[in-house]
$ cat entry13.pdb   # PDB, C-alpha atoms and all ligand atoms
ATOM      1  CA  MET A   1      86.487 118.828 117.279  1.00  0.00           C
ATOM      2  CA  SER A   2      84.321 121.663 118.615  1.00  0.00           C
ATOM      3  CA  VAL A   3      82.042 123.530 116.209  1.00  0.00           C
ATOM      4  CA  TYR A   4      84.390 126.513 116.595  1.00  0.00           C
ATOM      5  CA  ASP A   5      87.482 124.442 115.755  1.00  0.00           C
ATOM      6  CA  THR A   6      85.709 122.905 112.773  1.00  0.00           C
ATOM      7  CA  ALA A   7      84.624 126.317 111.461  1.00  0.00           C
ATOM      8  CA  ILE A   8      88.137 127.723 111.896  1.00  0.00           C
ATOM      9  CA  LYS A   9      89.764 124.699 110.279  1.00  0.00           C
ATOM     10  CA  ARG A  10      87.446 124.438 107.276  1.00  0.00           C
ATOM     11  CA  ARG A  11      88.957 125.458 103.951  1.00  0.00           C
ATOM     12  CA  SER A  12      87.619 124.638 100.511  1.00  0.00           C
ATOM     13  CA  ILE A  13      89.137 121.377  99.318  1.00  0.00           C
ATOM     14  CA  ARG A  14      89.758 120.715  95.617  1.00  0.00           C
ATOM     15  CA  ARG A  15      92.068 117.705  95.811  1.00  0.00           C
ATOM     16  CA  PHE A  16      90.670 114.504  97.310  1.00  0.00           C
ATOM     17  CA  LYS A  17      91.881 111.035  98.301  1.00  0.00           C
ATOM     18  CA  ASP A  18      90.750 107.985  96.354  1.00  0.00           C
ATOM     19  CA  MET A  19      88.435 106.896  99.192  1.00  0.00           C
ATOM     20  CA  PRO A  20      84.646 106.729  99.020  1.00  0.00           C
ATOM     21  CA  VAL A  21      82.577 108.785 101.438  1.00  0.00           C
ATOM     22  CA  PRO A  22      80.286 106.446 103.411  1.00  0.00           C
ATOM     23  CA  LYS A  23      76.597 106.817 102.656  1.00  0.00           C
ATOM     24  CA  ASP A  24      75.759 107.367 106.320  1.00  0.00           C
ATOM     25  CA  VAL A  25      78.127 110.352 106.441  1.00  0.00           C
ATOM     26  CA  LEU A  26      76.485 111.894 103.358  1.00  0.00           C
ATOM     27  CA  GLU A  27      73.050 111.283 104.848  1.00  0.00           C
ATOM     28  CA  LYS A  28      74.139 112.836 108.159  1.00  0.00           C
ATOM     29  CA  CYS A  29      75.160 116.000 106.272  1.00  0.00           C
ATOM     30  CA  VAL A  30      71.714 116.277 104.694  1.00  0.00           C
ATOM     31  CA  ASP A  31      70.053 115.564 108.022  1.00  0.00           C
ATOM     32  CA  ALA A  32      71.922 118.539 109.512  1.00  0.00           C
ATOM     33  CA  ALA A  33      70.945 120.694 106.515  1.00  0.00           C
ATOM     34  CA  ARG A  34      67.303 119.697 106.982  1.00  0.00           C
ATOM     35  CA  LEU A  35      67.361 121.203 110.476  1.00  0.00           C
ATOM     36  CA  ALA A  36      69.072 124.469 109.532  1.00  0.00           C
ATOM     37  CA  PRO A  37      67.193 127.706 110.244  1.00  0.00           C
ATOM     38  CA  SER A  38      64.552 128.599 107.646  1.00  0.00           C
ATOM     39  CA  GLY A  39      62.880 131.992 107.110  1.00  0.00           C
ATOM     40  CA  ALA A  40      59.221 131.721 108.224  1.00  0.00           C
ATOM     41  CA  ASN A  41      60.079 128.013 108.648  1.00  0.00           C
ATOM     42  CA  LEU A  42      58.982 127.485 105.030  1.00  0.00           C
ATOM     43  CA  GLN A  43      61.671 124.793 104.467  1.00  0.00           C
ATOM     44  CA  PRO A  44      61.686 125.074 100.651  1.00  0.00           C
ATOM     45  CA  LEU A  45      64.908 123.095 100.211  1.00  0.00           C
ATOM     46  CA  GLU A  46      65.528 119.500  99.126  1.00  0.00           C
ATOM     47  CA  TYR A  47      68.771 117.663  98.490  1.00  0.00           C
ATOM     48  CA  ILE A  48      70.218 115.203  96.002  1.00  0.00           C
ATOM     49  CA  ILE A  49      73.197 113.110  97.056  1.00  0.00           C
ATOM     50  CA  VAL A  50      75.216 111.994  94.021  1.00  0.00           C
ATOM     51  CA  ASP A  51      77.581 109.104  94.791  1.00  0.00           C
ATOM     52  CA  ASP A  52      76.803 106.765  91.883  1.00  0.00           C
ATOM     53  CA  GLU A  53      80.069 105.906  90.138  1.00  0.00           C
ATOM     54  CA  GLN A  54      78.533 106.529  86.694  1.00  0.00           C
ATOM     55  CA  LEU A  55      77.107 109.922  87.676  1.00  0.00           C
ATOM     56  CA  VAL A  56      79.987 111.326  89.770  1.00  0.00           C
ATOM     57  CA  PRO A  57      82.322 111.764  86.730  1.00  0.00           C
ATOM     58  CA  GLN A  58      79.466 113.309  84.734  1.00  0.00           C
ATOM     59  CA  VAL A  59      78.950 115.906  87.452  1.00  0.00           C
ATOM     60  CA  PHE A  60      82.703 116.542  87.648  1.00  0.00           C
ATOM     61  CA  SER A  61      82.774 117.342  83.922  1.00  0.00           C
ATOM     62  CA  ILE A  62      80.378 120.299  84.284  1.00  0.00           C
ATOM     63  CA  ILE A  63      82.189 122.159  87.111  1.00  0.00           C
ATOM     64  CA  LYS A  64      84.682 125.020  86.873  1.00  0.00           C
ATOM     65  CA  TRP A  65      87.129 125.180  89.777  1.00  0.00           C
ATOM     66  CA  ALA A  66      89.102 127.940  91.479  1.00  0.00           C
ATOM     67  CA  ALA A  67      88.603 130.734  88.947  1.00  0.00           C
ATOM     68  CA  TYR A  68      91.504 132.874  90.262  1.00  0.00           C
ATOM     69  CA  ILE A  69      94.116 130.221  89.483  1.00  0.00           C
ATOM     70  CA  ARG A  70      92.518 128.152  86.727  1.00  0.00           C
ATOM     71  CA  PRO A  71      93.548 125.452  85.848  1.00  0.00           C
ATOM     72  CA  ALA A  72      95.946 125.025  88.802  1.00  0.00           C
ATOM     73  CA  GLY A  73      93.022 124.562  91.213  1.00  0.00           C
ATOM     74  CA  ASP A  74      91.357 121.778  89.231  1.00  0.00           C
ATOM     75  CA  PRO A  75      91.287 118.430  91.053  1.00  0.00           C
ATOM     76  CA  PRO A  76      93.957 116.383  89.248  1.00  0.00           C
ATOM     77  CA  PRO A  77      93.104 112.977  87.707  1.00  0.00           C
ATOM     78  CA  GLY A  78      92.638 110.445  90.494  1.00  0.00           C
ATOM     79  CA  HIS A  79      91.903 113.202  93.037  1.00  0.00           C
ATOM     80  CA  GLU A  80      88.379 114.167  92.016  1.00  0.00           C
ATOM     81  CA  PRO A  81      85.488 114.482  94.515  1.00  0.00           C
ATOM     82  CA  LYS A  82      83.831 111.212  95.502  1.00  0.00           C
ATOM     83  CA  ALA A  83      80.340 112.605  96.004  1.00  0.00           C
ATOM     84  CA  TYR A  84      78.206 115.699  95.643  1.00  0.00           C
ATOM     85  CA  ILE A  85      75.234 117.174  97.434  1.00  0.00           C
ATOM     86  CA  ALA A  86      73.002 119.425  95.344  1.00  0.00           C
ATOM     87  CA  ILE A  87      70.775 121.859  97.238  1.00  0.00           C
ATOM     88  CA  LEU A  88      67.465 122.371  95.449  1.00  0.00           C
ATOM     89  CA  LYS A  89      64.728 124.847  96.152  1.00  0.00           C
ATOM     90  CA  GLU A  90      61.094 124.771  95.165  1.00  0.00           C
ATOM     91  CA  ALA A  91      60.750 126.999  92.068  1.00  0.00           C
ATOM     92  CA  SER A  92      57.736 128.605  93.750  1.00  0.00           C
ATOM     93  CA  ALA A  93      59.886 129.652  96.734  1.00  0.00           C
ATOM     94  CA  THR A  94      60.459 133.276  95.766  1.00  0.00           C
ATOM     95  CA  ALA A  95      60.786 134.783  99.243  1.00  0.00           C
ATOM     96  CA  PRO A  96      63.832 137.075  99.288  1.00  0.00           C
ATOM     97  CA  TRP A  97      65.204 135.285 102.334  1.00  0.00           C
ATOM     98  CA  THR A  98      65.490 131.885 100.623  1.00  0.00           C
ATOM     99  CA  ALA A  99      69.167 132.569  99.913  1.00  0.00           C
ATOM    100  CA  TYR A 100      69.785 132.657 103.665  1.00  0.00           C
ATOM    101  CA  ASP A 101      68.203 129.211 103.998  1.00  0.00           C
ATOM    102  CA  ILE A 102      70.560 127.922 101.291  1.00  0.00           C
ATOM    103  CA  GLY A 103      73.588 129.417 103.038  1.00  0.00           C
ATOM    104  CA  GLY A 104      72.594 127.887 106.360  1.00  0.00           C
ATOM    105  CA  ALA A 105      72.092 124.481 104.762  1.00  0.00           C
ATOM    106  CA  MET A 106      75.446 124.798 102.979  1.00  0.00           C
ATOM    107  CA  ASP A 107      77.265 125.566 106.206  1.00  0.00           C
ATOM    108  CA  ASN A 108      75.658 122.712 108.135  1.00  0.00           C
ATOM    109  CA  ILE A 109      76.635 120.283 105.356  1.00  0.00           C
ATOM    110  CA  MET A 110      80.235 121.491 105.172  1.00  0.00           C
ATOM    111  CA  LEU A 111      80.800 121.570 108.942  1.00  0.00           C
ATOM    112  CA  VAL A 112      79.213 118.188 109.620  1.00  0.00           C
ATOM    113  CA  ALA A 113      81.228 116.716 106.734  1.00  0.00           C
ATOM    114  CA  LEU A 114      84.465 118.091 108.163  1.00  0.00           C
ATOM    115  CA  GLU A 115      83.612 116.804 111.629  1.00  0.00           C
ATOM    116  CA  GLU A 116      83.601 113.386 109.923  1.00  0.00           C
ATOM    117  CA  GLY A 117      86.954 114.128 108.247  1.00  0.00           C
ATOM    118  CA  VAL A 118      85.374 114.886 104.870  1.00  0.00           C
ATOM    119  CA  GLY A 119      86.469 117.976 102.940  1.00  0.00           C
ATOM    120  CA  SER A 120      84.181 119.987 100.703  1.00  0.00           C
ATOM    121  CA  CYS A 121      83.895 122.831  98.247  1.00  0.00           C
ATOM    122  CA  ALA A 122      80.765 124.895  97.556  1.00  0.00           C
ATOM    123  CA  LEU A 123      80.234 125.380  93.821  1.00  0.00           C
ATOM    124  CA  LEU A 124      78.213 127.871  91.804  1.00  0.00           C
ATOM    125  CA  ASN A 125      80.297 127.768  88.621  1.00  0.00           C
ATOM    126  CA  VAL A 126      78.351 124.800  87.311  1.00  0.00           C
ATOM    127  CA  ASP A 127      76.425 124.062  84.105  1.00  0.00           C
ATOM    128  CA  TRP A 128      73.043 123.892  85.843  1.00  0.00           C
ATOM    129  CA  ASP A 129      71.122 122.735  82.765  1.00  0.00           C
ATOM    130  CA  LYS A 130      73.394 119.733  82.415  1.00  0.00           C
ATOM    131  CA  LEU A 131      73.212 118.991  86.148  1.00  0.00           C
ATOM    132  CA  ARG A 132      69.421 119.122  85.925  1.00  0.00           C
ATOM    133  CA  THR A 133      69.550 116.484  83.184  1.00  0.00           C
ATOM    134  CA  ILE A 134      72.152 114.296  84.940  1.00  0.00           C
ATOM    135  CA  CYS A 135      70.070 114.251  88.136  1.00  0.00           C
ATOM    136  CA  SER A 136      66.617 114.209  86.442  1.00  0.00           C
ATOM    137  CA  VAL A 137      65.439 117.254  88.386  1.00  0.00           C
ATOM    138  CA  HIS A 138      61.761 118.077  88.011  1.00  0.00           C
ATOM    139  CA  ASP A 139      60.790 121.459  86.501  1.00  0.00           C
ATOM    140  CA  SER A 140      59.209 122.559  89.767  1.00  0.00           C
ATOM    141  CA  TYR A 141      62.654 122.667  91.445  1.00  0.00           C
ATOM    142  CA  GLU A 142      65.718 124.850  90.873  1.00  0.00           C
ATOM    143  CA  ILE A 143      69.228 123.725  91.749  1.00  0.00           C
ATOM    144  CA  SER A 144      70.705 126.415  93.977  1.00  0.00           C
ATOM    145  CA  LEU A 145      74.126 125.114  94.969  1.00  0.00           C
ATOM    146  CA  LEU A 146      76.377 122.119  94.502  1.00  0.00           C
ATOM    147  CA  ILE A 147      78.807 120.870  97.162  1.00  0.00           C
ATOM    148  CA  ALA A 148      81.701 118.579  96.247  1.00  0.00           C
ATOM    149  CA  LEU A 149      82.823 116.114  98.918  1.00  0.00           C
ATOM    150  CA  GLY A 150      85.682 113.721  99.593  1.00  0.00           C
ATOM    151  CA  TYR A 151      88.523 113.007 101.997  1.00  0.00           C
ATOM    152  CA  PRO A 152      91.026 115.893 101.737  1.00  0.00           C
ATOM    153  CA  ASP A 153      94.317 115.344  99.946  1.00  0.00           C
ATOM    154  CA  GLU A 154      95.496 118.921 100.440  1.00  0.00           C
ATOM    155  CA  SER A 155      95.802 121.315 103.367  1.00  0.00           C
ATOM    156  CA  PRO A 156      95.103 124.898 102.273  1.00  0.00           C
ATOM    157  CA  VAL A 157      96.341 127.554 104.663  1.00  0.00           C
ATOM    158  CA  GLU A 158      94.787 130.823 105.757  1.00  0.00           C
ATOM    159  CA  GLU A 159      96.860 133.950 105.054  1.00  0.00           C
ATOM    160  CA  PRO A 160      96.401 137.484 106.411  1.00  0.00           C
ATOM    161  CA  PHE A 161      94.504 139.616 103.895  1.00  0.00           C
ATOM    162  CA  ASP A 162      96.789 142.272 102.427  1.00  0.00           C
ATOM    163  CA  GLY A 163      94.430 143.991  99.998  1.00  0.00           C
ATOM    164  CA  SER A 164      93.803 141.113  97.587  1.00  0.00           C
ATOM    165  CA  VAL A 165      91.155 138.408  97.977  1.00  0.00           C
ATOM    166  CA  LYS A 166      92.861 136.174  95.405  1.00  0.00           C
ATOM    167  CA  TYR A 167      94.051 132.834  96.691  1.00  0.00           C
ATOM    168  CA  TRP A 168      97.258 131.395  95.227  1.00  0.00           C
ATOM    169  CA  LYS A 169      99.302 128.191  95.067  1.00  0.00           C
ATOM    170  CA  ASP A 170     102.985 128.086  96.031  1.00  0.00           C
ATOM    171  CA  GLU A 171     105.723 125.998  94.362  1.00  0.00           C
ATOM    172  CA  GLN A 172     104.795 123.020  96.574  1.00  0.00           C
ATOM    173  CA  GLY A 173     101.192 123.227  95.366  1.00  0.00           C
ATOM    174  CA  VAL A 174      99.877 124.473  98.721  1.00  0.00           C
ATOM    175  CA  LEU A 175      96.831 126.724  98.390  1.00  0.00           C
ATOM    176  CA  HIS A 176      97.016 129.998 100.358  1.00  0.00           C
ATOM    177  CA  VAL A 177      93.704 131.709 101.101  1.00  0.00           C
ATOM    178  CA  PRO A 178      93.658 135.378 102.212  1.00  0.00           C
ATOM    179  CA  LYS A 179      91.253 136.038 105.068  1.00  0.00           C
ATOM    180  CA  LYS A 180      90.445 139.371 106.700  1.00  0.00           C
ATOM    181  CA  LYS A 181      91.587 139.603 110.306  1.00  0.00           C
ATOM    182  CA  LEU A 182      89.035 139.796 113.109  1.00  0.00           C
ATOM    183  CA  GLU A 183      89.813 143.444 113.862  1.00  0.00           C
ATOM    184  CA  MET A 184      89.046 144.359 110.232  1.00  0.00           C
ATOM    185  CA  VAL A 185      85.491 143.034 110.366  1.00  0.00           C
ATOM    186  CA  LEU A 186      84.376 143.219 114.010  1.00  0.00           C
ATOM    187  CA  HIS A 187      82.672 146.296 115.495  1.00  0.00           C
ATOM    188  CA  TRP A 188      81.519 146.463 119.095  1.00  0.00           C
ATOM    189  CA  ASN A 189      78.334 148.458 119.666  1.00  0.00           C
ATOM    190  CA  ALA A 190      78.871 150.962 116.821  1.00  0.00           C
ATOM    191  CA  PHE A 191      80.474 150.875 113.393  1.00  0.00           C
TER     192      PHE A 191
HETATM  193  C1  LIG A 201      78.476 130.603  97.153  1.00  0.00           C
HETATM  194  C2  LIG A 201      79.848 130.043  96.831  1.00  0.00           C
HETATM  195  C3  LIG A 201      80.152 129.674  95.532  1.00  0.00           C
HETATM  196  C4  LIG A 201      81.402 129.115  95.216  1.00  0.00           C
HETATM  197  N1  LIG A 201      81.649 128.670  93.935  1.00  0.00           N
HETATM  198  C5  LIG A 201      82.832 128.084  93.655  1.00  0.00           C
HETATM  199  C6  LIG A 201      83.068 127.533  92.377  1.00  0.00           C
HETATM  200  O1  LIG A 201      82.213 127.554  91.494  1.00  0.00           O
HETATM  201  N2  LIG A 201      84.263 126.929  92.134  1.00  0.00           N
HETATM  202  C7  LIG A 201      85.220 126.820  93.117  1.00  0.00           C
HETATM  203  O2  LIG A 201      86.277 126.224  92.873  1.00  0.00           O
HETATM  204  N3  LIG A 201      85.018 127.338  94.359  1.00  0.00           N
HETATM  205  C8  LIG A 201      83.852 127.958  94.663  1.00  0.00           C
HETATM  206  N4  LIG A 201      83.613 128.457  95.927  1.00  0.00           N
HETATM  207  C9  LIG A 201      84.656 128.346  96.963  1.00  0.00           C
HETATM  208  C10 LIG A 201      85.325 129.707  97.233  1.00  0.00           C
HETATM  209  O3  LIG A 201      86.255 129.960  96.180  1.00  0.00           O
HETATM  210  C11 LIG A 201      86.016 129.670  98.596  1.00  0.00           C
HETATM  211  O4  LIG A 201      85.043 129.552  99.601  1.00  0.00           O
HETATM  212  C12 LIG A 201      86.860 130.923  98.832  1.00  0.00           C
HETATM  213  O5  LIG A 201      87.959 130.957  97.955  1.00  0.00           O
HETATM  214  C13 LIG A 201      87.381 130.993 100.270  1.00  0.00           C
HETATM  215  O6  LIG A 201      88.113 129.830 100.599  1.00  0.00           O
HETATM  216  P1  LIG A 201      87.717 128.911 101.839  1.00  0.00           P
HETATM  217  O7  LIG A 201      86.395 128.257 101.496  1.00  0.00           O
HETATM  218  O8  LIG A 201      88.830 127.928 101.932  1.00  0.00           O
HETATM  219  O9  LIG A 201      87.575 129.786 103.044  1.00  0.00           O
HETATM  220  C14 LIG A 201      82.380 128.988  96.249  1.00  0.00           C
HETATM  221  C15 LIG A 201      82.059 129.370  97.566  1.00  0.00           C
HETATM  222  C16 LIG A 201      80.811 129.878  97.860  1.00  0.00           C
HETATM  223  C17 LIG A 201      80.461 130.236  99.290  1.00  0.00           C
END
$ encode --input "entry13.pdb" --output "structure tokens" --more "lines below"
Ligand SMILES: Cc1cc2nc3c(=O)[nH]c(=O)nc-3n(C[C@H](O)[C@H](O)[C@H](O)COP(=O)(O)O)c2cc1C
Amino acid sequence: MSVYDTAIKRRSIRRFKDMPVPKDVLEKCVDAARLAPSGANLQPLEYIIVDDEQLVPQVFSIIKWAAYIRPAGDPPPGHEPKAYIAILKEASATAPWTAYDIGGAMDNIMLVALEEGVGSCALLNVDWDKLRTICSVHDSYEISLLIALGYPDESPVEEPFDGSVKYWKDEQGVLHVPKKKLEMVLHWNAF
């Protein structure tokens, strides 16, 4: 799949197959994140891969999923994520552009994962204090973002935006995600 096709195809996945994600795939995702653009090339980010079968359920228990449709968007029992990647930043990294670094790392992880057939969901609705304890994160680091990973067991579909950003599930359980059309967001040369 081309990078374009992967980017177009990617949707957040919240229902996963009962199949482990190989360690080399998880490591490849972090390797791609490592090489993402970084403001002033400061590279303040580090990563924790969580795939330990004791820890994965603990992480699952501290996440809130799909706020617009809760609890219909929760991964059902047996369909939880198989791994997570936490993006950490040095607590001393206070440059205002650090958020861009995190976004770039997030995108590289999600696109490389999907190229390998692995679905993902970025997560901010997380109990960070508990995650810090679960993963024994040192005080000199902050956890910025969590990404859930696993082989997709759902196929969300893009819908034309009609004034509401709220995604929904139909009677078959298919997730529909409104997206603004290209002509709504693209300006050539002037606004
Ligand atoms: C920064 C960020 C934080 C997010 N946090 C959550 C979250 O806590 N829980 C969740 O279920 N989805 C979360 N999402 C996923 C969004 O809901 C999802 O990207 C959005 O609905 C658009 O769907 P798409 O990813 O399929 O394009 C987050 C996405 C981003 C980029």
$ atom_distance --input "entry13.pdb" --atom1 "CA of Phe60 in chain A" --atom2 "CA of Ser164 in chain A"
28.7 Å
$ closest_residue --input "entry13.pdb" --among "A:Ala86, A:Cys121, A:Ala72, A:Ala95" --to "ligand LIG 201 (chain A)" --atoms "only C-alpha atoms and all ligand atoms"
A:Cys121
$ resolve_selection --input "entry13.pdb" --expression "the PyMOL selection byres (((not hetatm)) within 7 of (chain A and resi 201))" --output "PyMOL selection string"
chain A and resi 10-12+63-67+121-126+156+167+177
$ atom_distance --input "entry13.pdb" --atom1 "CA of Gln172 in chain A" --atom2 "CA of Leu114 in chain A"
23.9 Å
$ resolve_selection --input "entry13.pdb" --expression "the PyMOL selection byres (((chain A and resi 90) around 9) and not hetatm)" --output "MDAnalysis selection string"
chainID A and resid 44:46 88:89 91:94 140:143
$ atom_distance --input "entry13.pdb" --atom1 "CA of Ala113 in chain A" --atom2 "CA of Leu149 in chain A"
8.0 Å
$ residues_around --input "entry13.pdb" --residues "Val118 in chain A" --least-positions-apart "6" --cutoff "9 Å" --atoms "only C-alpha atoms" --output "PyMOL selection string"
chain A and resi 21+25+110+112+149-152
$ resolve_selection --input "entry13.pdb" --expression "the PyMOL selection byres (((chain A and resi 58) around 12) and not hetatm)" --output "NGL selection string"
:A and (50-57 or 59-63 or 80-84 or 126-127 or 130-135)
$ closest_residue --input "entry13.pdb" --among "A:Leu111, A:Leu186, A:Ile147, A:Ile49" --to "Asp5 in chain A" --atoms "all atoms listed in the file"
A:Leu111
$ residues_near_point --input "entry13.pdb" --point "(73.3, 124.8, 104.4)" --cutoff "10 Å" --atoms "only C-alpha atoms" --output "list in words"
Cys29, Val30, Ala32, Ala33, Arg34, Leu35, Ala36, Pro37, Leu45, Ile87, Ala99, Tyr100, Asp101, Ile102, Gly103, Gly104, Ala105, Met106, Asp107, Asn108, Ile109, Met110, Leu111, Leu145 and Ile147 of chain A
$ closest_residue --input "entry13.pdb" --among "A:Met19, A:Leu182, A:Leu42, A:Leu175" --to "Trp97 in chain A" --atoms "only C-alpha atoms"
A:Leu42
$ residues_around --input "entry13.pdb" --residues "Gly78 in chain A" --least-positions-apart "3" --cutoff "10 Å" --atoms "only C-alpha atoms" --output "ChimeraX atom specification"
/A:15-18,75,81
$ closest_residue --input "entry13.pdb" --among "A:Trp188, A:Glu158, A:Thr98, A:Asp74" --to "Gln43 in chain A" --atoms "all atoms listed in the file"
A:Thr98
$ axis_aligned_box --input "entry13.pdb" --around "range 75-85 of chain A" --padding-each-side "3 Å" --output "JSON"
{"center_x": 84.6, "center_y": 114.4, "center_z": 92.6, "size_x": 24.7, "size_y": 14.0, "size_z": 15.7}
